[in-house]
$ cat work32.txt   # compact mmCIF, C-alpha atoms
# COMPACT_ATOMS: atom_id res chain seq x y z
CA MET A 1435 9.40 -37.36 50.76
CA ASN A 1436 7.94 -33.92 50.19
CA LYS A 1437 10.41 -31.30 49.04
CA TYR A 1438 8.84 -28.42 50.98
CA GLU A 1439 6.47 -27.53 53.79
CA MET A 1440 4.20 -24.53 54.31
CA LEU A 1441 5.11 -22.54 57.40
CA GLN A 1442 2.00 -21.89 59.43
CA ASP A 1443 3.67 -19.11 61.42
CA ASP A 1444 4.92 -17.16 58.36
CA LYS A 1445 1.90 -16.08 56.35
CA ILE A 1446 0.41 -13.13 54.49
CA LYS A 1447 -3.12 -12.25 53.42
CA ILE A 1448 -4.14 -11.29 49.87
CA GLY A 1449 -7.78 -10.42 49.26
CA GLY A 1450 -9.06 -12.75 51.93
CA ARG A 1451 -6.68 -15.56 50.98
CA ILE A 1452 -3.94 -16.69 53.31
CA LEU A 1453 -0.59 -17.57 51.74
CA TYR A 1454 2.19 -19.41 53.55
CA ARG A 1455 5.91 -19.15 53.07
CA ILE A 1456 7.49 -22.38 51.91
CA LYS A 1457 10.56 -24.05 53.38
CA ALA A 1458 12.65 -26.66 51.56
CA LEU A 1459 12.82 -30.07 53.21
CA LYS A 1460 15.53 -31.48 50.98
CA ASP A 1461 18.26 -30.37 48.58
CA PHE A 1462 17.69 -30.03 44.87
CA LYS A 1463 19.42 -28.18 42.07
CA ASP A 1464 18.24 -25.23 40.04
CA ASP A 1465 20.54 -25.43 37.02
CA GLU A 1466 19.11 -22.41 35.23
CA LEU A 1467 19.62 -20.01 38.13
CA TYR A 1468 22.94 -21.66 39.06
CA GLN A 1469 21.68 -22.05 42.58
CA ASP A 1470 21.09 -25.06 44.77
CA VAL A 1471 18.04 -25.16 46.98
CA LYS A 1472 19.13 -26.59 50.30
CA ALA A 1473 17.04 -28.16 53.01
CA GLY A 1474 15.98 -25.35 55.32
CA ASP A 1475 15.99 -22.62 52.62
CA LEU A 1476 12.97 -20.36 52.62
CA GLY A 1477 11.05 -19.73 49.42
CA GLY A 1478 8.13 -17.54 48.42
CA TYR A 1479 4.46 -17.88 49.28
CA VAL A 1480 1.74 -20.33 48.21
CA GLU A 1481 -1.86 -20.68 49.29
CA LYS A 1482 -2.00 -24.46 49.14
CA GLU A 1483 0.08 -27.43 48.18
CA LYS A 1484 -1.66 -27.66 44.80
CA ASN A 1485 0.02 -24.37 43.83
CA LEU A 1486 3.55 -25.81 43.78
CA SER A 1487 4.27 -29.41 42.87
CA GLN A 1488 6.15 -31.51 45.39
CA GLU A 1489 7.80 -33.24 42.43
CA GLY A 1490 10.46 -32.02 40.03
CA ASN A 1491 12.72 -28.99 40.54
CA CYS A 1492 10.05 -26.30 40.38
CA TRP A 1493 10.32 -23.62 43.05
CA VAL A 1494 8.92 -20.30 44.21
CA TYR A 1495 11.56 -17.85 45.42
CA GLY A 1496 11.81 -14.60 47.34
CA ASN A 1497 8.63 -12.57 47.55
CA ALA A 1498 6.88 -14.37 44.69
CA ARG A 1499 3.32 -15.53 45.29
CA VAL A 1500 1.29 -18.36 43.77
CA TYR A 1501 -2.34 -18.78 44.78
CA GLY A 1502 -5.90 -19.57 43.75
CA ASP A 1503 -5.95 -22.62 41.51
CA ALA A 1504 -2.68 -21.66 39.83
CA ARG A 1505 -0.03 -24.35 39.42
CA VAL A 1506 3.74 -24.31 39.09
CA PHE A 1507 5.27 -27.64 38.16
CA GLY A 1508 7.98 -29.41 36.16
CA SER A 1509 11.21 -27.39 36.35
CA ALA A 1510 9.52 -23.98 36.32
CA TYR A 1511 10.54 -21.11 38.60
CA VAL A 1512 8.68 -18.10 39.89
CA PHE A 1513 10.78 -15.52 41.69
CA ASP A 1514 11.37 -11.89 42.67
CA ASN A 1515 7.96 -10.22 43.16
CA ALA A 1516 6.10 -12.17 40.48
CA ARG A 1517 2.48 -13.24 40.94
CA VAL A 1518 0.83 -16.34 39.48
CA TYR A 1519 -2.82 -16.86 40.34
CA GLY A 1520 -6.30 -17.71 39.09
CA ASN A 1521 -6.11 -20.87 36.99
CA ALA A 1522 -2.75 -20.04 35.45
CA TYR A 1523 -0.13 -22.74 34.81
CA VAL A 1524 3.63 -22.23 34.68
CA PHE A 1525 5.53 -25.38 33.81
CA ASP A 1526 8.33 -27.11 31.90
CA ASN A 1527 11.39 -24.80 32.18
CA ALA A 1528 9.44 -21.55 32.17
CA ARG A 1529 10.48 -18.54 34.25
CA VAL A 1530 8.22 -15.82 35.65
CA TYR A 1531 10.02 -13.09 37.56
CA GLY A 1532 10.50 -9.43 38.27
CA ASP A 1533 7.10 -7.83 38.89
CA ALA A 1534 5.35 -9.95 36.26
CA TYR A 1535 1.78 -11.19 36.56
CA VAL A 1536 0.39 -14.41 35.08
CA PHE A 1537 -3.25 -15.10 35.86
CA ASP A 1538 -6.71 -16.22 34.69
CA ASN A 1539 -6.24 -19.28 32.45
CA ALA A 1540 -2.88 -18.21 31.05
CA ARG A 1541 -0.19 -20.75 30.27
CA VAL A 1542 3.56 -20.13 30.29
CA TYR A 1543 5.69 -23.14 29.42
CA GLY A 1544 8.59 -24.57 27.45
CA ASP A 1545 11.60 -22.30 27.97
CA ALA A 1546 9.50 -19.14 27.90
CA GLN A 1547 10.22 -16.14 30.13
CA VAL A 1548 7.79 -13.52 31.40
CA TYR A 1549 9.44 -10.77 33.43
CA SER A 1550 9.80 -7.13 34.41
CA ASP A 1551 6.26 -5.68 34.63
CA ALA A 1552 4.77 -7.89 31.94
CA CYS A 1553 1.29 -9.38 32.18
CA VAL A 1554 -0.06 -12.57 30.61
CA CYS A 1555 -3.72 -13.28 31.30
CA ASP A 1556 -7.09 -14.50 30.03
CA ASN A 1557 -6.50 -17.62 27.88
CA ALA A 1558 -3.18 -16.46 26.46
CA SER A 1559 -0.18 -18.77 26.00
CA VAL A 1560 3.53 -17.96 25.94
CA TYR A 1561 5.80 -20.88 25.13
CA GLY A 1562 8.84 -22.17 23.29
CA ASN A 1563 11.71 -19.72 23.78
CA ALA A 1564 9.45 -16.68 23.72
CA GLN A 1565 10.02 -13.67 25.96
CA VAL A 1566 7.46 -11.17 27.20
CA TYR A 1567 8.85 -8.32 29.29
CA SER A 1568 8.86 -4.65 30.28
CA ASP A 1569 5.23 -3.47 30.37
CA ALA A 1570 4.06 -5.78 27.59
CA ARG A 1571 0.68 -7.49 27.75
CA VAL A 1572 -0.47 -10.74 26.18
CA TYR A 1573 -4.13 -11.52 26.70
CA GLY A 1574 -7.34 -12.83 25.17
CA ASN A 1575 -6.58 -16.03 23.26
CA ALA A 1576 -3.26 -14.70 21.97
CA GLN A 1577 -0.20 -16.88 21.51
CA VAL A 1578 3.45 -15.89 21.58
CA TYR A 1579 5.91 -18.68 20.82
CA GLY A 1580 9.05 -19.81 19.03
CA ASP A 1581 11.80 -17.25 19.61
CA ALA A 1582 9.38 -14.33 19.51
CA CYS A 1583 9.69 -11.29 21.75
CA VAL A 1584 6.99 -8.89 22.96
CA CYS A 1585 8.28 -5.99 25.04
CA ASP A 1586 8.10 -2.32 26.01
CA ASN A 1587 4.42 -1.26 26.08
CA ALA A 1588 3.37 -3.58 23.28
CA SER A 1589 0.30 -5.78 23.44
CA VAL A 1590 -0.83 -8.95 21.68
CA CYS A 1591 -4.46 -9.89 22.18
CA ASP A 1592 -7.65 -11.45 20.83
CA ASN A 1593 -6.67 -14.42 18.61
CA ALA A 1594 -3.40 -12.93 17.40
CA CYS A 1595 -0.18 -14.93 17.14
CA VAL A 1596 3.44 -13.78 17.23
CA PHE A 1597 6.01 -16.46 16.50
CA ASP A 1598 9.30 -17.48 14.88
CA ASN A 1599 11.83 -14.66 15.48
CA ALA A 1600 9.28 -11.86 15.32
CA ARG A 1601 9.44 -8.84 17.64
CA VAL A 1602 6.62 -6.59 18.76
CA TYR A 1603 7.73 -3.59 20.80
CA GLY A 1604 7.27 0.08 21.48
CA ASP A 1605 3.56 0.89 21.75
CA ALA A 1606 2.60 -1.53 19.00
CA CYS A 1607 -0.51 -3.68 19.18
CA VAL A 1608 -1.29 -6.93 17.36
CA PHE A 1609 -4.90 -8.05 17.66
CA ASP A 1610 -7.93 -9.71 16.04
CA ASN A 1611 -6.66 -12.70 14.00
CA ALA A 1612 -3.39 -11.12 12.91
CA ARG A 1613 -0.16 -13.08 12.54
CA VAL A 1614 3.36 -11.69 12.91
CA TYR A 1615 6.15 -14.13 12.16
CA GLY A 1616 9.45 -14.85 10.48
CA ASN A 1617 11.90 -12.06 11.29
CA ALA A 1618 9.22 -9.37 11.21
CA GLN A 1619 9.34 -6.38 13.55
CA VAL A 1620 6.28 -4.38 14.54
CA TYR A 1621 7.02 -1.31 16.62
CA GLY A 1622 6.27 2.33 17.35
CA ASP A 1623 2.54 3.03 17.29
CA ALA A 1624 1.85 0.32 14.70
CA ARG A 1625 -1.43 -1.59 14.69
CA VAL A 1626 -1.73 -5.00 13.04
CA PHE A 1627 -5.25 -6.37 13.07
CA GLY A 1628 -8.02 -8.13 11.19
CA SER A 1629 -6.65 -11.13 9.29
CA ALA A 1630 -3.36 -9.40 8.45
CA TYR A 1631 -0.12 -11.35 8.08
CA VAL A 1632 3.21 -9.62 8.65
CA PHE A 1633 6.38 -11.57 7.98
CA ASP A 1634 9.95 -11.13 6.88
CA GLU A 1635 11.99 -14.01 5.54
CA ALA A 1636 15.24 -12.04 5.47
$ encode --input "work32.txt" --output "structure tokens"
Amino acid sequence: MNKYEMLQDDKIKIGGRILYRIKALKDFKDDELYQDVKAGDLGGYVEKEKNLSQEGNCWVYGNARVYGDARVFGSAYVFDNARVYGNAYVFDNARVYGDAYVFDNARVYGDAQVYSDACVCDNASVYGNAQVYSDARVYGNAQVYGDACVCDNASVCDNACVFDNARVYGDACVFDNARVYGNAQVYGDARVFGSAYVFDEA
């Protein structure tokens, strides 16, 4: 049995695409949000069934929108005013919420969270227990993972990686092939680029 249906009489248009509000057809539990989805509950908007798996506990809430060839599956949740589109995937136990955007070929998975006004796009990946939030941007082929955090107006791009317990915040930028890891903190107007490695084992 399908877990949701797309309501043909409750729809919105985005750039020529028509998205339909979803309605739960059966009960299932969202442990992370401490909320049960009950049969009859309304969710967010999807363009087609491919956007939100009929299997697992994944769900799209509120005013969130998933469209294009984007996919939400596993136990992932997209809520608030978040947008997931293009060829982006959000899966495992990942959360995308607030006014966050995940698009292009981006991947958000594991227990990662992308929220506030953050943006993850291009071929970037955010996974593990990583968090990207505020006005932070992760793009290009960048990776943010482990328990890393990228926030404020910071950006991580190109082939850069931020991982372990590292934090990138303020107006800092990590790009090219740079690596920031361990307990390192990059902040303010700092720029880490080229083949630089920044780490702190303390």
$ residues_near_point --input "work32.txt" --point "(7.5, -1.2, 24.0)" --cutoff "8 Å" --atoms "only C-alpha atoms" --output "PDB file with C-alpha atoms, in the coordinates of the input"
ATOM      1  CA  SER A1568       8.860  -4.650  30.280  1.00  0.00           C
ATOM      2  CA  ASP A1569       5.230  -3.470  30.370  1.00  0.00           C
ATOM      3  CA  ALA A1570       4.060  -5.780  27.590  1.00  0.00           C
ATOM      4  CA  VAL A1584       6.990  -8.890  22.960  1.00  0.00           C
ATOM      5  CA  CYS A1585       8.280  -5.990  25.040  1.00  0.00           C
ATOM      6  CA  ASP A1586       8.100  -2.320  26.010  1.00  0.00           C
ATOM      7  CA  ASN A1587       4.420  -1.260  26.080  1.00  0.00           C
ATOM      8  CA  ALA A1588       3.370  -3.580  23.280  1.00  0.00           C
ATOM      9  CA  VAL A1602       6.620  -6.590  18.760  1.00  0.00           C
ATOM     10  CA  TYR A1603       7.730  -3.590  20.800  1.00  0.00           C
ATOM     11  CA  GLY A1604       7.270   0.080  21.480  1.00  0.00           C
ATOM     12  CA  ASP A1605       3.560   0.890  21.750  1.00  0.00           C
ATOM     13  CA  ALA A1606       2.600  -1.530  19.000  1.00  0.00           C
ATOM     14  CA  TYR A1621       7.020  -1.310  16.620  1.00  0.00           C
ATOM     15  CA  GLY A1622       6.270   2.330  17.350  1.00  0.00           C
TER      16      GLY A1622
END
$ residues_around --input "work32.txt" --residues "A:Phe1609" --least-positions-apart "4" --cutoff "10 Å" --atoms "only C-alpha atoms" --output "ChimeraX atom specification"
/A:1572-1576,1589-1595,1613,1625-1630
$ atom_distance --input "work32.txt" --atom1 "atom CA of A:Val1524" --atom2 "atom CA of A:Ala1458"
19.6 Å
$ residues_around --input "work32.txt" --residues "stretch 1497-1511 of chain A" --least-positions-apart "5" --cutoff "7 Å" --atoms "only C-alpha atoms" --output "number ranges by chain"
A: 1478-1481, 1484-1487, 1490-1492, 1516-1530
$ write_last_selection --input "work32.txt" --atoms "C-alpha atoms" --output "PDB file, in the frame of the given file"
ATOM      1  CA  GLY A1478       8.130 -17.540  48.420  1.00  0.00           C
ATOM      2  CA  TYR A1479       4.460 -17.880  49.280  1.00  0.00           C
ATOM      3  CA  VAL A1480       1.740 -20.330  48.210  1.00  0.00           C
ATOM      4  CA  GLU A1481      -1.860 -20.680  49.290  1.00  0.00           C
ATOM      5  CA  LYS A1484      -1.660 -27.660  44.800  1.00  0.00           C
ATOM      6  CA  ASN A1485       0.020 -24.370  43.830  1.00  0.00           C
ATOM      7  CA  LEU A1486       3.550 -25.810  43.780  1.00  0.00           C
ATOM      8  CA  SER A1487       4.270 -29.410  42.870  1.00  0.00           C
ATOM      9  CA  GLY A1490      10.460 -32.020  40.030  1.00  0.00           C
ATOM     10  CA  ASN A1491      12.720 -28.990  40.540  1.00  0.00           C
ATOM     11  CA  CYS A1492      10.050 -26.300  40.380  1.00  0.00           C
ATOM     12  CA  ALA A1516       6.100 -12.170  40.480  1.00  0.00           C
ATOM     13  CA  ARG A1517       2.480 -13.240  40.940  1.00  0.00           C
ATOM     14  CA  VAL A1518       0.830 -16.340  39.480  1.00  0.00           C
ATOM     15  CA  TYR A1519      -2.820 -16.860  40.340  1.00  0.00           C
ATOM     16  CA  GLY A1520      -6.300 -17.710  39.090  1.00  0.00           C
ATOM     17  CA  ASN A1521      -6.110 -20.870  36.990  1.00  0.00           C
ATOM     18  CA  ALA A1522      -2.750 -20.040  35.450  1.00  0.00           C
ATOM     19  CA  TYR A1523      -0.130 -22.740  34.810  1.00  0.00           C
ATOM     20  CA  VAL A1524       3.630 -22.230  34.680  1.00  0.00           C
ATOM     21  CA  PHE A1525       5.530 -25.380  33.810  1.00  0.00           C
ATOM     22  CA  ASP A1526       8.330 -27.110  31.900  1.00  0.00           C
ATOM     23  CA  ASN A1527      11.390 -24.800  32.180  1.00  0.00           C
ATOM     24  CA  ALA A1528       9.440 -21.550  32.170  1.00  0.00           C
ATOM     25  CA  ARG A1529      10.480 -18.540  34.250  1.00  0.00           C
ATOM     26  CA  VAL A1530       8.220 -15.820  35.650  1.00  0.00           C
TER      27      VAL A1530
END
$ atom_distance --input "work32.txt" --atom1 "atom CA of A:Arg1601" --atom2 "atom CA of A:Cys1553"
16.7 Å
$ closest_residue --input "work32.txt" --among "A:Asp1538, A:Glu1439, A:Asp1556, A:Asp1545" --to "A:Gln1488" --atoms "only C-alpha atoms"
A:Glu1439
$ residues_around --input "work32.txt" --residues "A:Asp1475" --least-positions-apart "4" --cutoff "10 Å" --atoms "only C-alpha atoms" --output "PDB file with C-alpha atoms, in the frame of the given file"
ATOM      1  CA  TYR A1438       8.840 -28.420  50.980  1.00  0.00           C
ATOM      2  CA  ILE A1456       7.490 -22.380  51.910  1.00  0.00           C
ATOM      3  CA  LYS A1457      10.560 -24.050  53.380  1.00  0.00           C
ATOM      4  CA  ALA A1458      12.650 -26.660  51.560  1.00  0.00           C
ATOM      5  CA  LEU A1459      12.820 -30.070  53.210  1.00  0.00           C
ATOM      6  CA  LYS A1460      15.530 -31.480  50.980  1.00  0.00           C
ATOM      7  CA  ASP A1461      18.260 -30.370  48.580  1.00  0.00           C
ATOM      8  CA  ASP A1470      21.090 -25.060  44.770  1.00  0.00           C
ATOM      9  CA  VAL A1471      18.040 -25.160  46.980  1.00  0.00           C
ATOM     10  CA  TYR A1495      11.560 -17.850  45.420  1.00  0.00           C
TER      11      TYR A1495
END
$ decode --input "work32.txt" --residues "stretch 1612-1625 of chain A" --atoms "all heavy atoms" --output "mmCIF file, in the first residue's frame"
data_model
loop_
_atom_site.group_PDB
_atom_site.id
_atom_site.type_symbol
_atom_site.label_atom_id
_atom_site.label_comp_id
_atom_site.auth_asym_id
_atom_site.auth_seq_id
_atom_site.Cartn_x
_atom_site.Cartn_y
_atom_site.Cartn_z
ATOM 1 N N ALA A 1612 41.875 22.316 -0.854
ATOM 2 C CA ALA A 1612 42.191 22.460 0.566
ATOM 3 C C ALA A 1612 41.448 21.453 1.431
ATOM 4 O O ALA A 1612 40.350 20.995 1.083
ATOM 5 C CB ALA A 1612 41.879 23.876 1.022
ATOM 6 N N ARG A 1613 42.046 21.159 2.586
ATOM 7 C CA ARG A 1613 41.460 20.247 3.563
ATOM 8 C C ARG A 1613 41.487 20.923 4.928
ATOM 9 O O ARG A 1613 42.522 21.443 5.352
ATOM 10 C CB ARG A 1613 42.242 18.937 3.650
ATOM 11 C CG ARG A 1613 42.350 18.175 2.329
ATOM 12 C CD ARG A 1613 41.022 17.527 1.965
ATOM 13 N NE ARG A 1613 41.096 16.732 0.765
ATOM 14 C CZ ARG A 1613 40.801 17.170 -0.457
ATOM 15 N NH1 ARG A 1613 40.459 18.448 -0.631
ATOM 16 N NH2 ARG A 1613 40.851 16.371 -1.495
ATOM 17 N N VAL A 1614 40.359 20.894 5.607
ATOM 18 C CA VAL A 1614 40.261 21.406 6.974
ATOM 19 C C VAL A 1614 39.695 20.274 7.810
ATOM 20 O O VAL A 1614 38.592 19.775 7.523
ATOM 21 C CB VAL A 1614 39.351 22.657 7.051
ATOM 22 C CG1 VAL A 1614 39.244 23.137 8.493
ATOM 23 C CG2 VAL A 1614 39.889 23.769 6.152
ATOM 24 N N TYR A 1615 40.418 19.875 8.860
ATOM 25 C CA TYR A 1615 39.976 18.692 9.601
ATOM 26 C C TYR A 1615 40.499 18.712 11.023
ATOM 27 O O TYR A 1615 41.068 19.708 11.480
ATOM 28 C CB TYR A 1615 40.386 17.421 8.853
ATOM 29 C CG TYR A 1615 41.862 17.242 8.605
ATOM 30 C CD1 TYR A 1615 42.620 16.405 9.421
ATOM 31 C CD2 TYR A 1615 42.484 17.875 7.537
ATOM 32 C CE1 TYR A 1615 43.968 16.215 9.188
ATOM 33 C CE2 TYR A 1615 43.838 17.683 7.283
ATOM 34 C CZ TYR A 1615 44.576 16.853 8.108
ATOM 35 O OH TYR A 1615 45.904 16.665 7.877
ATOM 36 N N GLY A 1616 40.282 17.582 11.719
ATOM 37 C CA GLY A 1616 40.605 17.540 13.141
ATOM 38 C C GLY A 1616 39.667 18.457 13.896
ATOM 39 O O GLY A 1616 38.465 18.470 13.640
ATOM 40 N N ASN A 1617 40.209 19.249 14.815
ATOM 41 C CA ASN A 1617 39.409 20.227 15.558
ATOM 42 C C ASN A 1617 39.658 21.651 15.060
ATOM 43 O O ASN A 1617 39.406 22.623 15.764
ATOM 44 C CB ASN A 1617 39.746 20.155 17.049
ATOM 45 C CG ASN A 1617 39.314 18.832 17.657
ATOM 46 O OD1 ASN A 1617 38.146 18.486 17.622
ATOM 47 N ND2 ASN A 1617 40.264 18.088 18.206
ATOM 48 N N ALA A 1618 40.126 21.772 13.840
ATOM 49 C CA ALA A 1618 40.476 23.078 13.283
ATOM 50 C C ALA A 1618 39.264 23.985 13.153
ATOM 51 O O ALA A 1618 38.136 23.527 12.931
ATOM 52 C CB ALA A 1618 41.128 22.902 11.923
ATOM 53 N N GLN A 1619 39.517 25.288 13.287
ATOM 54 C CA GLN A 1619 38.491 26.306 13.080
ATOM 55 C C GLN A 1619 39.011 27.348 12.093
ATOM 56 O O GLN A 1619 40.100 27.891 12.270
ATOM 57 C CB GLN A 1619 38.111 26.975 14.397
ATOM 58 C CG GLN A 1619 37.476 26.016 15.392
ATOM 59 C CD GLN A 1619 36.831 26.744 16.549
ATOM 60 O OE1 GLN A 1619 36.360 27.866 16.401
ATOM 61 N NE2 GLN A 1619 36.799 26.089 17.706
ATOM 62 N N VAL A 1620 38.240 27.607 11.077
ATOM 63 C CA VAL A 1620 38.573 28.624 10.083
ATOM 64 C C VAL A 1620 37.435 29.632 10.115
ATOM 65 O O VAL A 1620 36.271 29.270 9.923
ATOM 66 C CB VAL A 1620 38.714 28.002 8.677
ATOM 67 C CG1 VAL A 1620 38.983 29.080 7.632
ATOM 68 C CG2 VAL A 1620 39.830 26.955 8.669
ATOM 69 N N TYR A 1621 37.749 30.890 10.347
ATOM 70 C CA TYR A 1621 36.669 31.859 10.556
ATOM 71 C C TYR A 1621 37.112 33.265 10.164
ATOM 72 O O TYR A 1621 38.221 33.471 9.656
ATOM 73 C CB TYR A 1621 36.192 31.815 12.002
ATOM 74 C CG TYR A 1621 37.266 32.021 13.034
ATOM 75 C CD1 TYR A 1621 37.522 33.285 13.565
ATOM 76 C CD2 TYR A 1621 38.035 30.942 13.490
ATOM 77 C CE1 TYR A 1621 38.515 33.464 14.523
ATOM 78 C CE2 TYR A 1621 39.022 31.118 14.444
ATOM 79 C CZ TYR A 1621 39.258 32.377 14.961
ATOM 80 O OH TYR A 1621 40.235 32.561 15.902
ATOM 81 N N GLY A 1622 36.232 34.220 10.413
ATOM 82 C CA GLY A 1622 36.521 35.595 10.016
ATOM 83 C C GLY A 1622 36.535 35.709 8.506
ATOM 84 O O GLY A 1622 35.679 35.146 7.825
ATOM 85 N N ASP A 1623 37.530 36.407 7.971
ATOM 86 C CA ASP A 1623 37.673 36.559 6.523
ATOM 87 C C ASP A 1623 38.735 35.609 5.967
ATOM 88 O O ASP A 1623 39.283 35.841 4.887
ATOM 89 C CB ASP A 1623 38.061 38.001 6.173
ATOM 90 C CG ASP A 1623 36.956 38.980 6.515
ATOM 91 O OD1 ASP A 1623 35.796 38.677 6.179
ATOM 92 O OD2 ASP A 1623 37.245 40.033 7.114
ATOM 93 N N ALA A 1624 39.027 34.552 6.671
ATOM 94 C CA ALA A 1624 40.086 33.622 6.283
ATOM 95 C C ALA A 1624 39.808 32.962 4.932
ATOM 96 O O ALA A 1624 38.659 32.716 4.570
ATOM 97 C CB ALA A 1624 40.253 32.551 7.352
ATOM 98 N N ARG A 1625 40.900 32.692 4.212
ATOM 99 C CA ARG A 1625 40.834 31.964 2.945
ATOM 100 C C ARG A 1625 41.823 30.808 3.014
ATOM 101 O O ARG A 1625 43.015 31.005 3.280
ATOM 102 C CB ARG A 1625 41.196 32.869 1.766
ATOM 103 C CG ARG A 1625 40.258 34.065 1.591
ATOM 104 C CD ARG A 1625 38.881 33.604 1.112
ATOM 105 N NE ARG A 1625 37.963 34.700 0.905
ATOM 106 C CZ ARG A 1625 37.095 35.139 1.811
ATOM 107 N NH1 ARG A 1625 37.066 34.584 3.026
ATOM 108 N NH2 ARG A 1625 36.255 36.107 1.533
#
